[in-house]
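These notes concern the structure reproduced below.
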Amino acid sequence: MNKLRINSFSEYKKAYKESVDNPEAFWDQIAEQFVWKKKWDKTLEYDFSKPEFKWFQGGKLNITENVLDRHLQKNGNKTAIIWEPNNPFEETRIITYRQLHAKVCQFANVLKRNGVQKGDRVCIYMPMIPELAIAMLACARIGAVHSIVFAGFSSSAIASRINDAQCKLIVTANEVYRGDKPINLKAIVDEALKDCPSIQTCIVYRRAIEPTMMVGGRDRFWIDEMSKVDANCPATEMDAEDPLFILYTSGSTGKPKGMVHTTGGYLVQTAYSFENIFQMDKDDIYWCTADIGWITGHSYIIYGPLACGATTVMFEGVPSYPDFGRFWEIVEKLKVTHFYTAPTAIRSLAKESLDYVVKYDLSSLKVLGSVGEPINQEAWHWYNDYIGKGNCPIVDTWWQTETGSILISPLAGITSTRPTFATLPLPGVQPVLMDENGKEIETGAEKAEGRLAIKFPWPSMARTVYGDHQRYKDTYFSTFENAYFTGDGAYRDAMGYYRITGRVDDVVIVSGHNLGTAPIENAINEHEAVVESAVVGFPHDIKGNALYAYVILYDNFQPSEDLIKQIKEEVSKSIGAIAKPDKIQFVKGLPKTRSGKIMRRILRKIAAGESDFGDISTLLNPEIVRVIQEEKV
C-alpha cells in the first residue's frame, strides 16, 4: 500500500485532480495493489435514478486474503491485534498475523460444519474480544454475510435485526464485564431468540467462568466446536459486488436500516483512506477506541488497518474504569502512536482532573483522530494541548455508516488543520454544497453554507438497505438529483475547507431565520461551567419555533438564574440575539446512542411536551430520558 501513500500537499492536490478528471483510472491503480483471483472487467457503472452502483464488475477476490494471507510471507510474525482487557490486571493478548489467519480459518470451518454457506447471514453479538474479530473474518472467509450487533443492545433490538436479515446462526459470549458491571450476554440472546425462528445454531464463547445455560440442540460452546476442525480453509471466491456485511443504523423513523456493504470497493477505499489519513510507519501502534459493533470498528479497527498490515489495538473496557486515566495508562503501556476516539469521550475525560492525564507518559503519540460527530473547539484544544502536547496533528474525520469509509479529513502531517474543520475531501470524493432550492453552490473564493451532498459515486458506499431498496432511494437519493444526500449541513470557507454544522434536521427556523444548532451548542460549550450541550427547536406561538438548550455542567458549578443569563449572553455574543435559547434546562446527562451520538429526536419530543419516544432500549443511558422529561422547564 505504500505505493499509494500521499507524502506531501502537492501530491494530495495532484491525486485529487486525477481522481476528479478520470475517476476510473484513479481507482484502477489503487485496486491493482490488492490480491484479486480475477481482475475486473469494468471499473464503474452507476445510475443515480435507480439508484445503482457497481464497482470493479467481474472482479473476483476474497477480502480475508487481502487482510491476512498476503501478509504471511513477509510479515506473518508481525503483531496484528493487541487486545487490552477490561480488567487492567488481566493479561494482554498479542496475536500475530499468522496466528490470526489460523484462528480465522479454523472458525470458518466451524461455521461450515454448522451449515453456514456463502450468502447466509450470521449475527455476531460479542464483547470487544479477539474472537469477535475472528468470527467476522471467518464469515468473510467463506462468503457468509456478517451482521454485528453492538453488545449493549437489548434483546428486542437483537431480535429485530436477526429477523430483518433472516440470520441462520448467532455467535455470542456468556458473561462479560463493562467496567465493574457484569452483563450476561447469553441471557439477552436467549430472550431474543424466543422470537427468531431463522436461527438454527448459537455458538457461545466462554469469556467468564460462570455456569452458562445452554439450550440442547441449538447451543454449542466455541471451544468444543474449534476442537472438531483444523485450520485449513481456502478462501471462497467472491464477486466484487457480493455483500460483505450488513450493519444497522438508527433511522429517524425508529426502524433500523440494514446498510449493505459489498466486498471489492469497500476493501479498496477503507485501506486507501486508512493509509493516507493516518500515515503510519511499519512499527507504529494504532488504537481506535470504538466498538466493532459500529462502522468505525468495522472499517478502522479491522478491515482498513489489517489490509495495510498495521498493528491494531482492541480494548474491551471503558474509559472510566478503574479510573479516568485508563486510556492514557494504555497509551503509555502499549506505546500507542496513533489514537482515534470520539468527541464525546474527549469531553467526558476533559471534565475530570488533569491528574489522570499528567501522570502518564504520552510521548509515543504521533497522530490523534476524532470520529462520530463534529468536535467542538473547547474539546479540540483540550485534546491538542493535554494529549497531543501540541505535537500531534488531529485528523477530524467526517463519514457515515452509509459511506463505508472516511470521505473528508486532513491527512496527518500533510493537510494544515484548523479546530472544528474536517478540512478537505479525500481523493475520489466529490462533495458539494446545495442551497435550499437544490442548486449546487459553486466552489469559489467565497465562503458558503448549505446541505452537504456527494455528486459522484465512491467505491465504499453502501449499495442498498437490506430488503428495502425503496427506503435507500427515498432516504439518500430523492432530495437532490444525481447526488447522495448526507443529511448533514456544512460550511465551506474560502480555502475549500469543510466544517460539518450538524444534521440538517437540526436546523431550526426561528422567526424566519435558519439556525444550525451546532454553532449554538459550540457557543454554549465555550462557557467555563459547561461540559456539553444539545439544542433543539420546539413550537412557539409567535416565532414558529424557539430554541431549547439542554446543558450539562461541571461538578463544581451549580444551576442558577445568573448562569442561565451568562449562557444566553455567550450565545448572543457569539452568534447574535436571535440564537439565544428561550429555555435552558440543566441536566446530568443526554440520551446518546452507543456510538456517542446525541438522540436529538428524543430531546425535541421532550421540549415539545410529547412522550412517545419509541424504543429507547438501545440507548447508552435510557434511564436519563425520564429524568430529563420529569425536570422539563
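Residues in the C-alpha cells are named by chain (A, B, ... in the order shown) and by number from 1 within that chain; ligands are numbered from 1 in the order shown.
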- Task: Could you please write out, as a ChimeraX atom specification, every residue of region 93-271 of chain A that DSSP assigns to alpha helix (DSSP H)?
- Result: /A:97-113,130-142,155-165,185-193,222-226,264-271
Those same residues, written as a tab-separated table (two decimals), in the first residue's frame with C-alpha atoms?
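Dumped to out_34.tsv:
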```tsv
chain	number	residue	atom	x	y	z
A	97	TYR	CA	-0.95	-12.19	11.52
A	98	ARG	CA	-0.08	-15.90	11.26
A	99	GLN	CA	-1.98	-16.76	14.43
A	100	LEU	CA	-4.98	-14.67	13.41
A	101	HIS	CA	-5.05	-16.33	9.98
A	102	ALA	CA	-5.06	-19.80	11.58
A	103	LYS	CA	-7.86	-18.93	14.03
A	104	VAL	CA	-9.97	-17.33	11.28
A	105	CYS	CA	-9.60	-20.39	9.05
A	106	GLN	CA	-10.42	-22.68	11.96
A	107	PHE	CA	-13.59	-20.80	12.93
A	108	ALA	CA	-14.57	-20.58	9.24
A	109	ASN	CA	-14.56	-24.38	9.29
A	110	VAL	CA	-16.73	-24.31	12.43
A	111	LEU	CA	-19.26	-22.17	10.58
A	112	LYS	CA	-19.23	-24.52	7.60
A	113	ARG	CA	-19.61	-27.55	9.89
A	130	PRO	CA	-10.34	-11.04	19.64
A	131	GLU	CA	-12.94	-13.74	19.00
A	132	LEU	CA	-15.26	-11.02	17.66
A	133	ALA	CA	-12.66	-10.14	15.01
A	134	ILE	CA	-12.06	-13.84	14.33
A	135	ALA	CA	-15.79	-14.50	13.87
A	136	MET	CA	-16.35	-11.61	11.46
A	137	LEU	CA	-13.31	-12.51	9.35
A	138	ALA	CA	-14.34	-16.18	9.38
A	139	CYS	CA	-17.68	-15.17	7.87
A	140	ALA	CA	-15.87	-13.21	5.16
A	141	ARG	CA	-13.55	-16.18	4.55
A	142	ILE	CA	-16.46	-18.39	3.44
A	155	SER	CA	-32.92	-8.49	23.28
A	156	SER	CA	-35.66	-6.78	21.23
A	157	ALA	CA	-33.03	-4.84	19.24
A	158	ILE	CA	-31.14	-8.08	18.51
A	159	ALA	CA	-34.33	-9.88	17.51
A	160	SER	CA	-35.42	-7.13	15.11
A	161	ARG	CA	-32.01	-7.21	13.39
A	162	ILE	CA	-31.85	-11.01	13.21
A	163	ASN	CA	-35.36	-11.20	11.76
A	164	ASP	CA	-34.77	-8.41	9.25
A	165	ALA	CA	-31.69	-10.19	7.88
A	185	LEU	CA	-24.92	-11.62	27.09
A	186	LYS	CA	-26.12	-15.19	26.72
A	187	ALA	CA	-29.29	-14.48	28.74
A	188	ILE	CA	-30.01	-11.48	26.50
A	189	VAL	CA	-29.52	-13.65	23.40
A	190	ASP	CA	-31.76	-16.40	24.83
A	191	GLU	CA	-34.52	-13.83	25.30
A	192	ALA	CA	-34.04	-12.52	21.75
A	193	LEU	CA	-34.07	-15.99	20.19
A	222	TRP	CA	-16.86	-22.18	20.87
A	223	ILE	CA	-14.04	-24.27	22.37
A	224	ASP	CA	-15.82	-27.56	21.67
A	225	GLU	CA	-16.57	-26.61	18.08
A	226	MET	CA	-12.98	-25.44	17.46
A	264	GLY	CA	-14.32	-5.07	-3.59
A	265	GLY	CA	-14.98	-1.34	-3.34
A	266	TYR	CA	-15.18	-1.42	0.45
A	267	LEU	CA	-11.76	-3.10	0.73
A	268	VAL	CA	-10.11	-0.70	-1.72
A	269	GLN	CA	-11.35	2.54	-0.16
A	270	THR	CA	-11.08	1.63	3.54
A	271	ALA	CA	-7.45	0.60	3.00
```
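Using only C-alpha atoms, the contacts of Arg418 (chain A) at a cut-off of 10 Å, with sequence neighbours closer than 5 positions omitted, comprise Gln377, Trp380, Pro393, Ile394, Val395, Asp396, Pro410, Thr423, Tyr497 and Arg499 of chain A.
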Can those selected residues be exported to a file as a PDB file, in the first residue's frame so that it contains C-alpha atoms?
```
ATOM      1  CA  GLN A 377     -13.495  23.986  19.795  1.00  0.00           C
ATOM      2  CA  TRP A 380     -10.293  20.136  20.249  1.00  0.00           C
ATOM      3  CA  PRO A 393      -1.868  16.594  14.120  1.00  0.00           C
ATOM      4  CA  ILE A 394      -5.564  15.965  14.809  1.00  0.00           C
ATOM      5  CA  VAL A 395      -7.432  14.271  11.958  1.00  0.00           C
ATOM      6  CA  ASP A 396     -11.049  15.331  12.403  1.00  0.00           C
ATOM      7  CA  PRO A 410      -6.985  16.032   6.984  1.00  0.00           C
ATOM      8  CA  THR A 423     -10.846  20.193   6.075  1.00  0.00           C
ATOM      9  CA  TYR A 497     -12.187  23.574   3.942  1.00  0.00           C
ATOM     10  CA  ARG A 499     -16.853  22.151   8.654  1.00  0.00           C
TER      11      ARG A 499
END
```
- Item | Shortest interatomic distance to Ile81 (chain A) - which of A:Phe315, A:Phe150, A:Tyr16, A:Trp328, counting only C-alpha atoms |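 Residue with the minimum atom-to-atom distance to Ile81 (chain A): A:Phe315.
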- Write out as a PyMOL selection string all residues of region 213-330 of chain A that backbone DSSP assigns to strand (DSSP E). chain A and resi 219-221+238-239+243-249+257-262+285-288+311-315
What does the file look like for those residues with N, CA and C atoms, as a PDB file, in the first residue's frame?
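Heads up, here's the output in out_36.pdb:
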```
ATOM      1  N   ASP A 219     -27.481 -24.774  21.064  1.00  0.00           N
ATOM      2  CA  ASP A 219     -26.305 -24.068  21.575  1.00  0.00           C
ATOM      3  C   ASP A 219     -25.066 -24.959  21.604  1.00  0.00           C
ATOM      4  N   ARG A 220     -23.923 -24.367  21.230  1.00  0.00           N
ATOM      5  CA  ARG A 220     -22.656 -25.081  21.252  1.00  0.00           C
ATOM      6  C   ARG A 220     -21.574 -24.141  21.777  1.00  0.00           C
ATOM      7  N   PHE A 221     -20.630 -24.694  22.538  1.00  0.00           N
ATOM      8  CA  PHE A 221     -19.520 -23.873  23.020  1.00  0.00           C
ATOM      9  C   PHE A 221     -18.466 -23.709  21.936  1.00  0.00           C
ATOM     10  N   MET A 238     -15.280 -14.570  -4.158  1.00  0.00           N
ATOM     11  CA  MET A 238     -16.422 -13.655  -4.095  1.00  0.00           C
ATOM     12  C   MET A 238     -16.373 -12.690  -5.272  1.00  0.00           C
ATOM     13  N   ASP A 239     -17.536 -12.312  -5.733  1.00  0.00           N
ATOM     14  CA  ASP A 239     -17.603 -11.240  -6.721  1.00  0.00           C
ATOM     15  C   ASP A 239     -17.394  -9.913  -5.987  1.00  0.00           C
ATOM     16  N   PRO A 243     -22.250  -9.122  -1.236  1.00  0.00           N
ATOM     17  CA  PRO A 243     -22.312  -8.479   0.083  1.00  0.00           C
ATOM     18  C   PRO A 243     -21.219  -9.020   1.018  1.00  0.00           C
ATOM     19  N   LEU A 244     -20.608  -8.109   1.766  1.00  0.00           N
ATOM     20  CA  LEU A 244     -19.629  -8.466   2.794  1.00  0.00           C
ATOM     21  C   LEU A 244     -20.295  -8.449   4.171  1.00  0.00           C
ATOM     22  N   PHE A 245     -21.059  -7.369   4.442  1.00  0.00           N
ATOM     23  CA  PHE A 245     -21.750  -7.302   5.735  1.00  0.00           C
ATOM     24  C   PHE A 245     -22.981  -6.418   5.643  1.00  0.00           C
ATOM     25  N   ILE A 246     -23.849  -6.607   6.636  1.00  0.00           N
ATOM     26  CA  ILE A 246     -24.989  -5.720   6.870  1.00  0.00           C
ATOM     27  C   ILE A 246     -24.718  -5.051   8.212  1.00  0.00           C
ATOM     28  N   LEU A 247     -24.890  -3.745   8.289  1.00  0.00           N
ATOM     29  CA  LEU A 247     -24.735  -3.048   9.560  1.00  0.00           C
ATOM     30  C   LEU A 247     -25.924  -2.109   9.738  1.00  0.00           C
ATOM     31  N   TYR A 248     -26.578  -2.265  10.869  1.00  0.00           N
ATOM     32  CA  TYR A 248     -27.804  -1.494  11.118  1.00  0.00           C
ATOM     33  C   TYR A 248     -27.477  -0.138  11.710  1.00  0.00           C
ATOM     34  N   THR A 249     -28.155   0.867  11.183  1.00  0.00           N
ATOM     35  CA  THR A 249     -28.009   2.226  11.692  1.00  0.00           C
ATOM     36  C   THR A 249     -29.387   2.752  12.040  1.00  0.00           C
ATOM     37  N   LYS A 257     -32.086   0.719   9.834  1.00  0.00           N
ATOM     38  CA  LYS A 257     -31.806   0.455   8.424  1.00  0.00           C
ATOM     39  C   LYS A 257     -30.597  -0.468   8.331  1.00  0.00           C
ATOM     40  N   GLY A 258     -30.747  -1.586   7.623  1.00  0.00           N
ATOM     41  CA  GLY A 258     -29.629  -2.515   7.426  1.00  0.00           C
ATOM     42  C   GLY A 258     -28.835  -2.107   6.200  1.00  0.00           C
ATOM     43  N   MET A 259     -27.732  -1.368   6.421  1.00  0.00           N
ATOM     44  CA  MET A 259     -26.918  -0.917   5.293  1.00  0.00           C
ATOM     45  C   MET A 259     -26.063  -2.080   4.778  1.00  0.00           C
ATOM     46  N   VAL A 260     -26.123  -2.302   3.478  1.00  0.00           N
ATOM     47  CA  VAL A 260     -25.390  -3.409   2.860  1.00  0.00           C
ATOM     48  C   VAL A 260     -24.103  -2.889   2.220  1.00  0.00           C
ATOM     49  N   HIS A 261     -22.973  -3.424   2.675  1.00  0.00           N
ATOM     50  CA  HIS A 261     -21.681  -3.080   2.074  1.00  0.00           C
ATOM     51  C   HIS A 261     -21.132  -4.290   1.328  1.00  0.00           C
ATOM     52  N   THR A 262     -20.533  -4.017   0.161  1.00  0.00           N
ATOM     53  CA  THR A 262     -20.034  -5.098  -0.680  1.00  0.00           C
ATOM     54  C   THR A 262     -18.513  -5.211  -0.575  1.00  0.00           C
ATOM     55  N   ILE A 285       1.902   1.722  16.477  1.00  0.00           N
ATOM     56  CA  ILE A 285       0.788   1.041  17.155  1.00  0.00           C
ATOM     57  C   ILE A 285      -0.435   1.943  17.055  1.00  0.00           C
ATOM     58  N   TYR A 286      -1.496   1.417  16.461  1.00  0.00           N
ATOM     59  CA  TYR A 286      -2.711   2.198  16.196  1.00  0.00           C
ATOM     60  C   TYR A 286      -3.834   1.732  17.109  1.00  0.00           C
ATOM     61  N   TRP A 287      -4.526   2.700  17.706  1.00  0.00           N
ATOM     62  CA  TRP A 287      -5.645   2.345  18.587  1.00  0.00           C
ATOM     63  C   TRP A 287      -6.867   3.210  18.280  1.00  0.00           C
ATOM     64  N   CYS A 288      -7.902   2.558  17.783  1.00  0.00           N
ATOM     65  CA  CYS A 288      -9.213   3.177  17.632  1.00  0.00           C
ATOM     66  C   CYS A 288     -10.073   2.656  18.776  1.00  0.00           C
ATOM     67  N   THR A 311      -0.594  -2.784  13.055  1.00  0.00           N
ATOM     68  CA  THR A 311      -0.901  -3.366  14.355  1.00  0.00           C
ATOM     69  C   THR A 311      -2.027  -2.556  14.967  1.00  0.00           C
ATOM     70  N   THR A 312      -3.153  -3.228  15.267  1.00  0.00           N
ATOM     71  CA  THR A 312      -4.351  -2.539  15.741  1.00  0.00           C
ATOM     72  C   THR A 312      -4.702  -3.008  17.151  1.00  0.00           C
ATOM     73  N   VAL A 313      -5.090  -2.061  17.993  1.00  0.00           N
ATOM     74  CA  VAL A 313      -5.429  -2.363  19.394  1.00  0.00           C
ATOM     75  C   VAL A 313      -6.937  -2.544  19.517  1.00  0.00           C
ATOM     76  N   MET A 314      -7.336  -3.583  20.252  1.00  0.00           N
ATOM     77  CA  MET A 314      -8.735  -3.765  20.640  1.00  0.00           C
ATOM     78  C   MET A 314      -8.827  -3.611  22.150  1.00  0.00           C
ATOM     79  N   PHE A 315      -9.747  -2.763  22.612  1.00  0.00           N
ATOM     80  CA  PHE A 315      -9.909  -2.526  24.058  1.00  0.00           C
ATOM     81  C   PHE A 315     -11.303  -2.959  24.479  1.00  0.00           C
TER      82      PHE A 315
END
```
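Comparing the minimum interatomic distances between Lys39 (chain A) and each of A:Ala490, A:Met213, A:Leu61, A:Ala310, counting only C-alpha atoms, we find that A:Leu61 sits nearest.
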Determine, for each residue of region 381-437 of chain A having at least one atom at most 7 Å from an atom of region 462-477 of chain A, the closest pair of atoms and their separation in Å to one decimal, counting only C-alpha atoms; order by chain and ascending number, as a Markdown table.
```
| residue | atom | partner | partner_atom | distance |
| --- | --- | --- | --- | --- |
| A:Glu402 | CA | A:Ala462 | CA | 5.2 |
| A:Thr403 | CA | A:Ala462 | CA | 6.2 |
| A:Gly404 | CA | A:Ala462 | CA | 6.6 |
```
- Query: What is the CA of Gly576 (chain A) to CA of Lys447 (chain A) distance in Å?
  - Reply: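 Computed distance, CA of Gly576 (chain A) to CA of Lys447 (chain A), equals 19.1 Å.
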Within 9 Å of Leu547 (chain A), counting only C-alpha atoms, which residues qualify if same-chain residues fewer than 2 places away don't, as an mmCIF file with C-alpha atoms, in the first residue's frame?
```
data_model
loop_
_atom_site.group_PDB
_atom_site.id
_atom_site.type_symbol
_atom_site.label_atom_id
_atom_site.label_comp_id
_atom_site.auth_asym_id
_atom_site.auth_seq_id
_atom_site.Cartn_x
_atom_site.Cartn_y
_atom_site.Cartn_z
ATOM 1 C CA VAL A 508 -34.326 25.215 13.421
ATOM 2 C CA VAL A 510 -36.765 30.765 14.330
ATOM 3 C CA THR A 517 -27.874 24.015 16.263
ATOM 4 C CA VAL A 535 -30.018 22.457 21.335
ATOM 5 C CA VAL A 536 -33.330 21.615 19.664
ATOM 6 C CA GLY A 537 -36.341 23.504 18.415
ATOM 7 C CA PHE A 538 -39.818 23.465 19.930
ATOM 8 C CA PRO A 539 -43.100 25.005 18.722
ATOM 9 C CA ASN A 545 -40.122 27.709 16.632
ATOM 10 C CA ALA A 549 -30.993 24.024 25.347
ATOM 11 C CA ALA A 579 -29.884 32.472 18.527
ATOM 12 C CA LYS A 580 -30.447 32.838 22.283
ATOM 13 C CA PRO A 581 -32.321 29.800 23.675
ATOM 14 C CA ASP A 582 -35.757 30.556 25.116
ATOM 15 C CA LYS A 583 -35.359 27.742 27.611
ATOM 16 C CA ILE A 584 -32.285 26.269 29.293
#
```
- Please provide as a PyMOL selection string all residues within 8 Å of Ile441 (chain A), with the sequence filter that same-chain residues fewer than 6 positions apart are discarded (counting only C-alpha atoms). chain A and resi 432-435+448+450
Quick one: write out the picked residues with C-alpha atoms as a short mmCIF file (atom, residue, chain, number, x, y, z; two decimals), in the first residue's frame?
```cif
data_model
loop_
_atom_site.label_atom_id
_atom_site.label_comp_id
_atom_site.auth_asym_id
_atom_site.auth_seq_id
_atom_site.Cartn_x
_atom_site.Cartn_y
_atom_site.Cartn_z
CA VAL A 432 -20.91 19.71 -2.96
CA LEU A 433 -22.99 22.20 -1.02
CA MET A 434 -26.61 22.56 -2.11
CA ASP A 435 -28.80 25.59 -1.48
CA ALA A 448 -20.65 29.17 1.64
CA GLY A 450 -25.58 24.61 2.65
#
```
- Query: If you measure from CA of Asp291 (chain A) to CA of Glu210 (chain A), what distance in Å do you get, rounded to one decimal?
  - Reply: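 Separating CA of Asp291 (chain A) from CA of Glu210 (chain A) is a distance of 24.2 Å.
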- Task: Just give me the gap between CA of Val149 (chain A) and CA of Trp294 (chain A) in Å, one decimal is fine.
- Result: 8.2 Å
Counting only C-alpha atoms, what is within 8 Å of Leu411 (chain A), bar same-chain residues fewer than 6 positions away, as a compact mmCIF listing (two decimals) with C-alpha atoms, in the first residue's frame?
```txt
# COMPACT_ATOMS: atom_id res chain seq x y z
CA ASN A 276 -3.30 8.20 3.78
CA ILE A 277 -5.18 9.74 6.70
CA PHE A 278 -3.15 8.11 9.47
CA GLN A 279 0.26 8.00 7.72
CA VAL A 395 -7.43 14.27 11.96
```
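Counting only C-alpha atoms and comparing A:Val571, A:Lys74, A:Leu362, A:Pro427, the residue that lies closest to Phe9 (chain A) is A:Pro427.
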- Message: Just want the 10 Å neighbourhood of Thr43 (chain A), counted on only C-alpha atoms, with same-chain residues fewer than 2 positions away dropped. Output as a list of chain:residue names.
- Response: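 Skipping anything fewer than 2 positions along the chain leaves A:Pro23, A:Glu24, A:Ala25, A:Trp27, A:Asp28, A:Ala31, A:Lys39, A:Trp40, A:Asp41, A:Glu45, A:Lys54, A:Trp55, A:Phe56, A:Gln57, A:Gly58, A:Gly59, A:Gly265, A:Pro459.
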- Query: Counting only C-alpha atoms, which of A:Ala608, A:Ile203, A:Phe613, A:Glu449 gets nearest to His540 (chain A)?
  - Reply: A:Ala608
- Task: Determine, counting only C-alpha atoms, which protein, DNA and RNA residues have an atom within 10 Å of an atom of Asp284 (chain A); residues of the same chain fewer than 6 positions away are not included. Present the result as number ranges by chain.
- Result: A: 310-312, 335-338, 364-366
Write the selection just made, keeping N, CA and C atoms, as a compact mmCIF listing (two decimals), in the first residue's frame?
```txt
# COMPACT_ATOMS: atom_id res chain seq x y z
N ALA A 310 -1.12 -3.21 9.44
CA ALA A 310 -0.83 -2.45 10.66
C ALA A 310 -1.06 -3.30 11.91
N THR A 311 -0.59 -2.78 13.05
CA THR A 311 -0.90 -3.37 14.35
C THR A 311 -2.03 -2.56 14.97
N THR A 312 -3.15 -3.23 15.27
CA THR A 312 -4.35 -2.54 15.74
C THR A 312 -4.70 -3.01 17.15
N LYS A 335 2.68 1.94 24.20
CA LYS A 335 3.39 2.91 23.35
C LYS A 335 2.60 3.18 22.06
N VAL A 336 1.33 3.51 22.26
CA VAL A 336 0.43 3.81 21.14
C VAL A 336 0.93 5.06 20.42
N THR A 337 0.95 4.99 19.09
CA THR A 337 1.40 6.13 18.28
C THR A 337 0.23 6.88 17.64
N HIS A 338 -0.85 6.15 17.33
CA HIS A 338 -2.00 6.75 16.64
C HIS A 338 -3.25 6.45 17.47
N SER A 364 4.78 8.79 23.13
CA SER A 364 4.77 7.90 21.95
C SER A 364 3.80 8.39 20.88
N LEU A 365 2.82 9.21 21.28
CA LEU A 365 1.76 9.63 20.34
C LEU A 365 2.31 10.50 19.21
N LYS A 366 1.88 10.18 17.98
CA LYS A 366 2.25 10.95 16.79
C LYS A 366 1.05 11.61 16.12
```
- Using only C-alpha atoms, which of A:Ile578, A:Ala173, A:Val20, A:Ala534 sits nearest Lys597 (chain A)? A:Ala534
